[in-house]
Amino acid sequence: MKKFILLNCILLLILSLNGYAQEKGSVLITNGTVITITDGTKENTDVLIEDGIITEIGEEVEAPNGVATIDASGKYVMPGIIDAHSHIAAEDVNEWTHPVTAEVSMEESIDPNDINMYWALAGGVTSIHLMHGSANVIGGQNETLKLRYGADMDGLRFDGAPRTIKFALGENPTRVHGQNFNVQPRTRMGVEQVIRDHFEEALDYKRNRQQYLETKEAYESGNRDNPPVPVARNARMEVLVDILEGEIWVHCHSYRADEIMMLMRVFDDYDIENFTFQHANEAYKIAPELRENNAYTSVFSDWWAYKFEVYYSTAYNASILNENDVKNSINSDSGELIRHLNHEAAKTVHYGKTSKEDALKMITINPAEQLGIDDKVGSIEEGKHGDVAIWSGHPLSIYSIAEKTFVDGKKYFDREEDPNDMRVKVDPEADYDEASRRWYEEGGRHGDSCLRGAEIRFSENEMEL
Amino acid sequence: MKYCKRICTGCVLLLLIATGAQAQITEKAEFGKFAITNAIIHTVSDGIIENGVVLINGEEIEFVGRNAKITTEYQRIDAEGKHLYPGFMDSGTQLGLQEIGAVDVTNDQAELGAFNPHVRAFTAINSSSVSIPVTRVNGVTHVISLPVSGRLSGKGTLIDLYGYSPDSMAVRPNAGLHLNWPSAQKGGTWDDRTDEKVQEEYEEDLKELNEFWKKAAFYDKMVSAYEEDPSNKEQPDADKKMEAMREILNGNVPVVISVDRKQDILNAIEWTQEHPNVHFILAGVKEGWRVADEIAEAGLPALVATLYTPERDYDNYQRPYQNPAMLQEAGVKVAIATGDVENVRNAPYHAGYAAAYGLGKEEALKAITLNGAEIFGVDDKLGSIEAGKQANLFLSDGDPFEPMTQIEQVFIRGYKIPMVSRHTQLNDEYLDRGAGSTN
Amino acid sequence: MKLVRAFCVCIVFLTAISLQGWSQSAPAQAFENVIIHTADGQVIENGTIVWRDGLIRAVGENVAIPFDAYVHDGGDSLHVYPGFIDGLALWGSPDDNGNRGRPAEPGNPSYKRAGIQPNLHPVNEMKTGDKTLKEASKHGFTTAALGLKGQMLPGQIDLFFINGEQTEDQLLEEGIGVLAQFEEAHGTAYPSTTMALMVQYRQLFYDAQAQQEQQEYYASVSSDYPAPKKEKVLEALYPVMRQEQPFYFVADSKENIERLFGLQDELDFEAVLVSGKEAYTKADELNERNIPVLATLDLPEKPEWMKEDYEETEEVTDEMETFREKQEAAYRERMQNIKMLQEAGVSVGYASNGLKLADIQKNMTALKEDGDLNSSQILKLITQSTADILKYGQRLGDLKEGRAASFTIFDKPFLEDEAKSVYSIINGELTEVE
């Protein structure tokens with residue numbers, strides 16, 4: 001009986017965790033070394049977060065009534081890390097069947113139960129860009145999330161983040177469609193035309209649909225005798241139209257300099273202005289052109305050589321881009337790297353001697369800007385969200401450990417109170433010894449998580465990879 | 001059509017070789033006598049010497065200490081404020097066996113067949129691999145490179161990362177036979193085999209392994225008897241696979257057992273105890289912390305990494321980082337093995353995580369130097385800065401476990417290595433393309 | 001005692017068999033000396049039930065048996081239950097609807113290949129010889145809403161009296177709903193992900209709306225207008241768009257149920273949730289939306305260590321203890337799904353949706369043990385409550401005057417070990433169960 005009561009308590013706790021997950025919190029973090037990112041590093045400084053918003057940064061800040069104080073003397077306070085390229089917390093990643101699947105959205109493919117979110121929080125990460133995979137030239141829309149672990153799908157969404165979409169160039173789309181299915185594109189030449197064809201089709205759709213709606217109105221209001229021939233609403237075309245109208249920002253999986261140049265030419269022709277090249281291993285070759293086109297880049301610190309298009313890579317990529325004033329971020333694309341993005345950023349100091357300040361920008365304000373959320377997160381400033389982490393030392397040091405992580409002022413990770421089992425959803429049929437190895441590999445570069453789903457399908461059907 | 005494809009593959013290959021050659025280091029390594037002075041020497045075997053001197057003569061370290069007479073024939077390297085470390089060793093990689101993961105023709109780490117004790121990584125080490133200079137300029141001077149497929153994948157090789165052929169790079173051509181331990185545990189929710197099926201398959205795999213082992217033991221006994229006294233005996237037919245097992249069975253070459261999960265580790269331990277003359281090493285051992293005492297009791301060393309995600313969803317997030325420390329505390333000798341190829345250069349950060357999560361800097365340093373050398377029986381040559389050992393060392397401007405630290409000079413086998421790789425060369429070429437460049 | 005009872009049953013059996021020919025030709029029939037269980041939990045010992053022309057005419061303790069009724073004697077040991085109703089069964093469905101194989105363009109498969117066939121009717125597709133149709137009555141089922149196996153939109157749902165090979169002729173109503181699922185197309189075809197399924201639902205509605213509009217316009221003018229298509233797949237969705245037919249939507253996870261809500265908000269259809277393993281997490285919203293649940297009895301296996309006869313073989317570490325606490329909580333939640341839904345005011349019935357008949361009794365017993373439901377609540381779930389959701393609550397689901405004479409006679413209370421049905425009366429027709 002006693003056990004039953006205990007169980008009910010746990011049950012209640014789980015349910016209440018769910019209920020409270022979206023709640024905003026208040027906290028005063030005192031005496032820390034505050035890395036603001038946008039306004040230097042301030043020693044012995046207090047940061048007050050009230051109802052999820054940073055309201056005061058300064059010395060000797062008084063805690064308002066009922067607001068808990070956390071002493072961060074000797075510790076570092078840093079804005080939550082933002083990962084501009086992630087596939088954790090995803091139900092499916094790739095709707096790989098068609099070269100263009102702009103209509104699908106990761107917003108509808110969120111897995112709110114993924115333990116990887118908690119592990120990322122334990123690495124000081126507070127927001128991720130949950131991206132569609134790279135199996136198609138124009139893939140699905142992405143979704144920016146806050147790691148409010150325990151919240152439901154809707155509760156994880158980053159309110160007010162602009163819409164973004166995945167594009168992918170090079171080997172992945174040409175392999176999946178051309179090589180496996182004899183469907184264009186088989187080459188980088190084809191990739192360009194798939195994009196242009198679809199943009200043209202979208203413009204036609206917009207015109208025809210508009211015309212139909214106008215005729216229909218005229219007919220229904222008696223200003224016209226003949227009824228219109230309906231042009232059905234088209235989910236795919238509507239998203240493409242939104243891209244062309246600048247409402248959706250493009251994040252393009254790309255590696256080689258030539259394909260990056262191609263896409264910038266295409267975008268120039270269609271006046272598409274806001275875009276980030278993801279991975280962009282050869283961006284270093286064309287840094288001045290990227291700068292010229294106001295392109296962003298979001299790169300790996302050091303991944304290379306896992307396929308031919310990343311053979312001609314350099315780990316100095318990020319530093320070269322930074323030196324050439326290209327706004328760059330360091331991303332993970334992995335459930336493993338996301339656990340230590342701070343050290344991935346530190347590698348830019350190793351490869352190319354980027355300053356520590358700029359290195360930290362690459363995992364905070366720069367990705368925030370690329371995702372259009374830099375007015376809300378990415379730095380410690382009054383008025384911004386209370387998404388911060390407390391570190392035991394300077395976050396770029398390998399010996400520093402994230403101790404507490406807050407999202408909207410609410411604590412989601414505390415190393416001191418870190419129970420073993422942090423799953424929010426439990427399969428009652430999983431055995432203790434067998435529970436839970438994830439079906440996808442997280443062993444660094446070996447798991448091409450960008451092609452997750454597509455690869456699984458191929459192997460299921462015993463297709464040539 | 002097929003022929004066409006082959007030509008294409010050939011072209012890709014040629015292209016690869018061509019680009020590879022282009023990116024090769026034109027600057028040559030220097031060889032001779034070097035005096036490194038004023039360094040903070042992390043000897044590993046004998047503490048830290050501040051303001052120390054290391055003399056290198058040919059392949060060897062001639063002197064380590066404070067006061068040395070340095071004649072003019074020594075090229076002096078003033079290392080004021082710099083740190084000197086023994087070259088780092090990654091005890092489990094596929095470096096040199098794989099060039100580009102997704103390009104099959106550049107993959108030499110996986111031979112067909114389940115039992116291949118006779119195939120040797122040594123044979124297939126591509127000394128021109130672009131990944132080799134990329135790795136060594138980060139201070140990693142030695143790796144074990146292992147074949148990976150099947151049950152007995154083949155023999156791994158211990159090489160240093162400087163040389164024009166496997167022959168000049170190999171420290172131990174046959175460093176260890178790789179055994180992929182058959183799992184008796186279900187993979188996860190996606191694994192739809194029943195418990196019974198899993199157990200059945202495991203038992204089948206184990207039986208197959210045992211039969212192979214028995215055959216090898218018989219062969220060894222038979223051939224030994226013949227070798228001892230061939231008179232009145234018919235010469236047995238040679239069997240290359242069985243022949244390759246002889247140095248394993250007599251304990252001269254160890255068996256590296258890749259095994260991760262708790263029950264599998266326990267099964268592997270039990271199995272090793274049936275073969276007391278064989279020298280065993282565990283590798284991977286991701287759930288080693290769950291059975292650290294049992295591993296320690298069996299006296300088995302463990303080759304481990306830290307940068308991976310926990311094995312089970314309900315595991316504490318830090319377990320991968322803490323695994324080396326938890327093993328070491330139980331009495332297991334641990335050495336760092338990343339399992340990587342092109343990013344073996346990150347081995348120091350695996351050690352750094354181990355250090356930060358309980359192992360401590362000193363033990364972590366051993367785990368990436370001397371421990372590996374001891375485990376593979378090459379500590380007479382490698383693993384520490386000691387007079388008489390091979391001159392494998394590097395200078396850095398700080399703690400090499402810190403990603404922000406710069407590695408300034410690497411010595412391998414006495415060679416002063418040019419601090420150049422594809423990655424630095426591309427940086428040199430593209431960092432500043434020049435004003436108004438239209439290239 | 002047991003022997004005596006068995007003996008009685010034997011006698012009843014023999015009499016019944018020998019007189020069956022007779023009974024079928026009688027204008028009315030009755031069972032007397034039986035224990036009658038009604039859907040609301042009432043138990044009538046020494047009861048009598050009378051039926052005529054396929055309808056129950058009288059039920060009770062002191063019921064006058066009409067002169068023209070052929071009377072079967074229950075010998076005080078047989079239990080009469082309202083016929084069990086399955087809110088969505090796949091009995092008799094072919095396994096393959098031609099939705100496999102590799103399309104020329106994986107991104108543009110035919111509707112059929114994509115698993116979109118809402119125009120198919122089980123009554124036309126059914127394999128009448130399917131043994132599950134026979135087995136169903138052995139397990140006490142007399143009525144079922146039948147659907148087809150498949151992916152996204154496998155077809156219509158037709159309501160039948162279940163009677164082995166004769167089922168095909170016992171159609172009660174065609175198209176009581178359209179089956180919808182979050183099931184990706186098989187293998188290499190669009191939609192291959194949940195997110196694409198979401199879009200595909202929308203796009204089908206957009207296309208159906210356009211086609212319907214064009215058809216209406218075409219009908220409204222006499223010339224100068226292009227003939228519309230008559231795509232049957234889209235036409236089959238018109239009644240759903242007009243809320244004349246509900247989607248019987250299969251969803252289990254909390255997230256998929258949320259996705260269903262999202263689609264409902266956008267596309268405005270009526271829904272019945274089928275299966276709903278985690279429906280308890282959304283109980284209040286289901287209630288607010290007035291979505292009934294045809295719950296599955298595919299319950300989780302009880303963890304070994306929770307079983308009474310379990311003996312520990314290894315030391316229980318703290319870590320294991322935490323794991324077990326969470327596992328037990330998860331198990332209890334899942335077992336109490338139906339209870340929690342009912343408490344929130346959701347109308348809950350039952351659907352097997354592919355669950356093997358052989359597992360039903362085992363799962364009902366587990367539901368009684370760990371699901372916080374007693375026998376009569378379980379009985380109501382699989383009878384009256386399911387009938388209500390199928391909108392047949394006045395015709396089926398209980399032993400009352402005026403209801404269809406579809407009921408089952410068991411040799412023991414239906415949840416007892418080895419309880420077997422001995423007779424099943426389907427739409428008035430008595431069949432002896434082998």
# chains A, B, ... in the order shown; residues from 1 in each chain; ligands from 1
>>> residues_around(residues="Ile36 in chain C", least_positions_apart="6", cutoff="9 Å", atoms="only C-alpha atoms", output="PDB file with C-alpha atoms, in the first residue's frame")
ATOM      1  CA  GLN C  42     -27.128  -6.262 -13.083  1.00  0.00           C
ATOM      2  CA  VAL C  43     -27.072 -10.018 -12.520  1.00  0.00           C
ATOM      3  CA  ILE C  44     -30.292 -11.975 -12.771  1.00  0.00           C
ATOM      4  CA  GLU C  45     -30.051 -15.434 -11.286  1.00  0.00           C
ATOM      5  CA  ASN C  46     -32.636 -17.919 -12.519  1.00  0.00           C
ATOM      6  CA  GLY C  47     -33.331 -15.641 -15.415  1.00  0.00           C
ATOM      7  CA  THR C  48     -35.202 -16.075 -18.608  1.00  0.00           C
ATOM      8  CA  ILE C  49     -34.611 -14.407 -21.917  1.00  0.00           C
ATOM      9  CA  VAL C  59     -35.549 -10.460 -20.002  1.00  0.00           C
ATOM     10  CA  GLY C  60     -35.975 -11.105 -16.295  1.00  0.00           C
ATOM     11  CA  LEU C  78     -25.039 -20.921 -17.972  1.00  0.00           C
ATOM     12  CA  HIS C  79     -24.261 -17.227 -18.151  1.00  0.00           C
ATOM     13  CA  VAL C  80     -25.903 -14.962 -20.678  1.00  0.00           C
ATOM     14  CA  TYR C  81     -24.097 -11.831 -21.789  1.00  0.00           C
ATOM     15  CA  PRO C  82     -24.935  -9.166 -24.315  1.00  0.00           C
ATOM     16  CA  LEU C 399     -29.986  -7.509 -22.890  1.00  0.00           C
TER      17      LEU C 399
END
>>> select_by_dssp(residues="range 55-279 of chain A", states="alpha helix (DSSP H)", output="NGL selection string")
:A and (116-121 or 153-156 or 171-173 or 180-181 or 188-220 or 235-244 or 257-269)
>>> closest_atom_pairs(of="chain B", to="chain C", cutoff="10 Å", atoms="only C-alpha atoms", output="JSON lines")
{"residue": "B:Tyr314", "atom": "CA", "partner": "C:Phe323", "partner_atom": "CA", "distance": 7.6}
{"residue": "B:Asp315", "atom": "CA", "partner": "C:Glu319", "partner_atom": "CA", "distance": 8.6}
{"residue": "B:Asn316", "atom": "CA", "partner": "C:Glu319", "partner_atom": "CA", "distance": 9.6}
>>> residues_around(residues="Lys307 in chain C", least_positions_apart="6", cutoff="12 Å", atoms="only C-alpha atoms", output="ChimeraX atom specification")
/C:301,328,366,369-370
>>> residues_around(residues="Asp302 in chain A", least_positions_apart="3", cutoff="9 Å", atoms="only C-alpha atoms", output="ChimeraX atom specification")
/A:299,313-317,344,347 /B:343
>>> interface_residues(of="chain C", to="chain A", cutoff="7 Å", atoms="only C-alpha atoms", output="PyMOL selection string")
chain C and resi 105-107+187-190+192-196+199+203+206-207+210+214+217+300-301+303+319+322-323+326-327+329-331
>>> residues_around(residues="Leu373 in chain C", least_positions_apart="3", cutoff="12 Å", atoms="only C-alpha atoms", output="mmCIF file with C-alpha atoms, in the first residue's frame")
data_model
loop_
_atom_site.group_PDB
_atom_site.id
_atom_site.type_symbol
_atom_site.label_atom_id
_atom_site.label_comp_id
_atom_site.auth_asym_id
_atom_site.auth_seq_id
_atom_site.Cartn_x
_atom_site.Cartn_y
_atom_site.Cartn_z
ATOM 1 C CA MET C 335 -3.109 -0.161 -17.441
ATOM 2 C CA GLN C 336 -5.378 2.545 -16.069
ATOM 3 C CA ASN C 337 -5.827 4.259 -19.414
ATOM 4 C CA ILE C 338 -9.485 3.328 -19.740
ATOM 5 C CA LYS C 339 -10.265 4.124 -16.134
ATOM 6 C CA MET C 340 -8.658 7.547 -16.358
ATOM 7 C CA GLN C 342 -13.807 7.363 -18.081
ATOM 8 C CA GLU C 343 -13.134 9.471 -15.019
ATOM 9 C CA MET C 364 -9.229 -8.430 -20.015
ATOM 10 C CA THR C 365 -8.059 -10.371 -16.989
ATOM 11 C CA ALA C 366 -5.004 -8.133 -16.712
ATOM 12 C CA LEU C 367 -7.290 -5.119 -17.020
ATOM 13 C CA LYS C 368 -9.315 -6.423 -14.111
ATOM 14 C CA GLU C 369 -6.236 -7.014 -12.000
ATOM 15 C CA ASP C 370 -4.270 -3.860 -12.703
ATOM 16 C CA SER C 376 -19.166 -5.571 -14.995
ATOM 17 C CA GLN C 377 -17.323 -2.405 -16.023
ATOM 18 C CA ILE C 378 -15.339 -4.441 -18.508
ATOM 19 C CA LEU C 379 -18.539 -6.016 -19.772
ATOM 20 C CA LYS C 380 -20.100 -2.636 -20.306
ATOM 21 C CA LEU C 381 -16.999 -1.453 -22.113
#
>>> atom_distance(atom1="CA of Gly345 in chain C", atom2="CA of Phe247 in chain C")
20.8 Å
>>> residues_around(residues="Glu196 in chain B", least_positions_apart="4", cutoff="12 Å", atoms="only C-alpha atoms", output="JSON, numbers by chain")
{"B": [184, 185, 186, 192, 200, 201, 202, 203]}
>>> closest_atom_pairs(of="chain B", to="chain A", cutoff="7 Å", atoms="only C-alpha atoms", output="Markdown table")
| residue | atom | partner | partner_atom | distance |
| --- | --- | --- | --- | --- |
| B:Ile100 | CA | A:Ala305 | CA | 5.1 |
| B:Gly101 | CA | A:Tyr306 | CA | 4.4 |
| B:Ala102 | CA | A:Lys307 | CA | 4.6 |
| B:Val103 | CA | A:Lys307 | CA | 6.4 |
| B:Gln185 | CA | A:Glu434 | CA | 6.9 |
| B:Lys186 | CA | A:Glu434 | CA | 5.9 |
| B:Gly187 | CA | A:Arg437 | CA | 6.4 |
| B:Gly188 | CA | A:Arg437 | CA | 4.8 |
| B:Thr189 | CA | A:Ser436 | CA | 6.4 |
| B:Trp190 | CA | A:Trp439 | CA | 6.2 |
| B:Tyr308 | CA | A:Glu336 | CA | 5.8 |
| B:Thr309 | CA | A:Glu336 | CA | 5.7 |
| B:Glu311 | CA | A:Arg437 | CA | 6.0 |
| B:Arg312 | CA | A:Arg437 | CA | 5.3 |
| B:Asp313 | CA | A:Ser436 | CA | 5.3 |
| B:Tyr314 | CA | A:Asp421 | CA | 4.3 |
| B:Asp315 | CA | A:Asn420 | CA | 5.8 |
| B:Asn316 | CA | A:Asn420 | CA | 4.7 |
| B:Tyr317 | CA | A:Trp119 | CA | 5.8 |
| B:Glu342 | CA | A:Ala305 | CA | 6.6 |
| B:Gly352 | CA | A:Ile398 | CA | 6.3 |
| B:Tyr353 | CA | A:Ile398 | CA | 6.8 |
| B:Ala356 | CA | A:Tyr399 | CA | 5.0 |
| B:Glu402 | CA | A:Ile398 | CA | 5.5 |
| B:Pro403 | CA | A:Lys347 | CA | 5.4 |
| B:Met404 | CA | A:His350 | CA | 4.6 |
| B:Thr405 | CA | A:His350 | CA | 6.0 |
| B:Gln406 | CA | A:His350 | CA | 6.0 |
| B:His423 | CA | A:Thr314 | CA | 4.3 |
| B:Leu426 | CA | A:Thr314 | CA | 6.4 |
| B:Asn427 | CA | A:Tyr316 | CA | 5.9 |
| B:Tyr430 | CA | A:Lys285 | CA | 5.9 |
| B:Leu431 | CA | A:Ile320 | CA | 5.1 |
>>> select_by_dssp(residues="range 172-407 of chain A", states="strand (DSSP E)", output="number ranges by chain")
A: 248-254, 275-279, 296-299, 328-330, 388-391, 402-407
>>> residues_around(residues="range 85-93 of chain C", least_positions_apart="6", cutoff="6 Å", atoms="only C-alpha atoms", output="list in words")
Met126, Lys127, Asp130, Thr132, Leu133, Phe141, Thr143, Ala144, Ala145, Leu146, Gly147, Leu148, Tyr350, Ala351, Ser352, Asn353, Gly354, Ile382 and Thr383 of chain C
>>> write_last_selection(atoms="N, CA and C atoms", output="PDB file, in the first residue's frame")
ATOM      1  N   MET C 126     -13.735  -8.294 -48.341  1.00  0.00           N
ATOM      2  CA  MET C 126     -13.578  -9.285 -47.283  1.00  0.00           C
ATOM      3  C   MET C 126     -13.289 -10.701 -47.775  1.00  0.00           C
ATOM      4  N   LYS C 127     -12.404 -11.370 -47.059  1.00  0.00           N
ATOM      5  CA  LYS C 127     -12.180 -12.804 -47.284  1.00  0.00           C
ATOM      6  C   LYS C 127     -13.163 -13.532 -46.378  1.00  0.00           C
ATOM      7  N   ASP C 130     -12.172 -16.287 -43.838  1.00  0.00           N
ATOM      8  CA  ASP C 130     -11.168 -15.970 -42.811  1.00  0.00           C
ATOM      9  C   ASP C 130     -11.551 -16.574 -41.461  1.00  0.00           C
ATOM     10  N   THR C 132     -10.732 -15.892 -38.490  1.00  0.00           N
ATOM     11  CA  THR C 132     -11.016 -14.989 -37.367  1.00  0.00           C
ATOM     12  C   THR C 132     -12.501 -14.661 -37.282  1.00  0.00           C
ATOM     13  N   LEU C 133     -13.180 -14.672 -38.430  1.00  0.00           N
ATOM     14  CA  LEU C 133     -14.612 -14.379 -38.405  1.00  0.00           C
ATOM     15  C   LEU C 133     -15.374 -15.474 -37.658  1.00  0.00           C
ATOM     16  N   PHE C 141     -18.021 -12.457 -29.395  1.00  0.00           N
ATOM     17  CA  PHE C 141     -18.320 -11.285 -30.216  1.00  0.00           C
ATOM     18  C   PHE C 141     -19.433 -11.611 -31.201  1.00  0.00           C
ATOM     19  N   THR C 143     -20.956  -8.694 -32.907  1.00  0.00           N
ATOM     20  CA  THR C 143     -21.043  -7.539 -33.791  1.00  0.00           C
ATOM     21  C   THR C 143     -19.664  -6.890 -33.887  1.00  0.00           C
ATOM     22  N   ALA C 144     -19.332  -6.400 -35.063  1.00  0.00           N
ATOM     23  CA  ALA C 144     -18.070  -5.680 -35.168  1.00  0.00           C
ATOM     24  C   ALA C 144     -18.112  -4.683 -36.313  1.00  0.00           C
ATOM     25  N   ALA C 145     -17.432  -3.579 -36.080  1.00  0.00           N
ATOM     26  CA  ALA C 145     -17.185  -2.640 -37.161  1.00  0.00           C
ATOM     27  C   ALA C 145     -15.906  -3.127 -37.826  1.00  0.00           C
ATOM     28  N   LEU C 146     -15.997  -3.479 -39.099  1.00  0.00           N
ATOM     29  CA  LEU C 146     -14.828  -4.049 -39.765  1.00  0.00           C
ATOM     30  C   LEU C 146     -14.121  -3.003 -40.627  1.00  0.00           C
ATOM     31  N   GLY C 147     -12.812  -3.007 -40.517  1.00  0.00           N
ATOM     32  CA  GLY C 147     -11.999  -2.135 -41.357  1.00  0.00           C
ATOM     33  C   GLY C 147     -11.000  -2.976 -42.121  1.00  0.00           C
ATOM     34  N   LEU C 148     -10.204  -2.310 -42.940  1.00  0.00           N
ATOM     35  CA  LEU C 148      -9.221  -3.022 -43.755  1.00  0.00           C
ATOM     36  C   LEU C 148      -7.814  -2.720 -43.261  1.00  0.00           C
ATOM     37  N   TYR C 350     -14.509  -0.310 -27.054  1.00  0.00           N
ATOM     38  CA  TYR C 350     -13.399  -1.218 -27.300  1.00  0.00           C
ATOM     39  C   TYR C 350     -13.171  -1.433 -28.792  1.00  0.00           C
ATOM     40  N   ALA C 351     -11.900  -1.514 -29.188  1.00  0.00           N
ATOM     41  CA  ALA C 351     -11.542  -1.906 -30.556  1.00  0.00           C
ATOM     42  C   ALA C 351     -10.333  -2.813 -30.514  1.00  0.00           C
ATOM     43  N   SER C 352     -10.400  -3.911 -31.248  1.00  0.00           N
ATOM     44  CA  SER C 352      -9.245  -4.820 -31.243  1.00  0.00           C
ATOM     45  C   SER C 352      -8.167  -4.301 -32.188  1.00  0.00           C
ATOM     46  N   ASN C 353      -8.555  -3.711 -33.301  1.00  0.00           N
ATOM     47  CA  ASN C 353      -7.610  -3.117 -34.248  1.00  0.00           C
ATOM     48  C   ASN C 353      -6.382  -3.987 -34.469  1.00  0.00           C
ATOM     49  N   GLY C 354      -6.617  -5.257 -34.743  1.00  0.00           N
ATOM     50  CA  GLY C 354      -5.485  -6.120 -35.063  1.00  0.00           C
ATOM     51  C   GLY C 354      -5.024  -6.991 -33.899  1.00  0.00           C
ATOM     52  N   ILE C 382     -17.226  -3.457 -23.442  1.00  0.00           N
ATOM     53  CA  ILE C 382     -17.213  -4.176 -24.718  1.00  0.00           C
ATOM     54  C   ILE C 382     -18.618  -4.439 -25.246  1.00  0.00           C
ATOM     55  N   THR C 383     -19.619  -3.840 -24.602  1.00  0.00           N
ATOM     56  CA  THR C 383     -20.988  -4.014 -25.107  1.00  0.00           C
ATOM     57  C   THR C 383     -21.644  -2.649 -25.309  1.00  0.00           C
TER      58      THR C 383
END
>>> closest_residue(among="B:Glu362, B:Glu27, B:Glu297, B:Asp340", to="Leu327 in chain B", atoms="only C-alpha atoms")
B:Glu297
>>> atom_distance(atom1="CA of Gly246 in chain A", atom2="CA of Leu203 in chain A")
13.5 Å
>>> atom_distance(atom1="CA of Ile272 in chain A", atom2="CA of Val326 in chain A")
18.0 Å
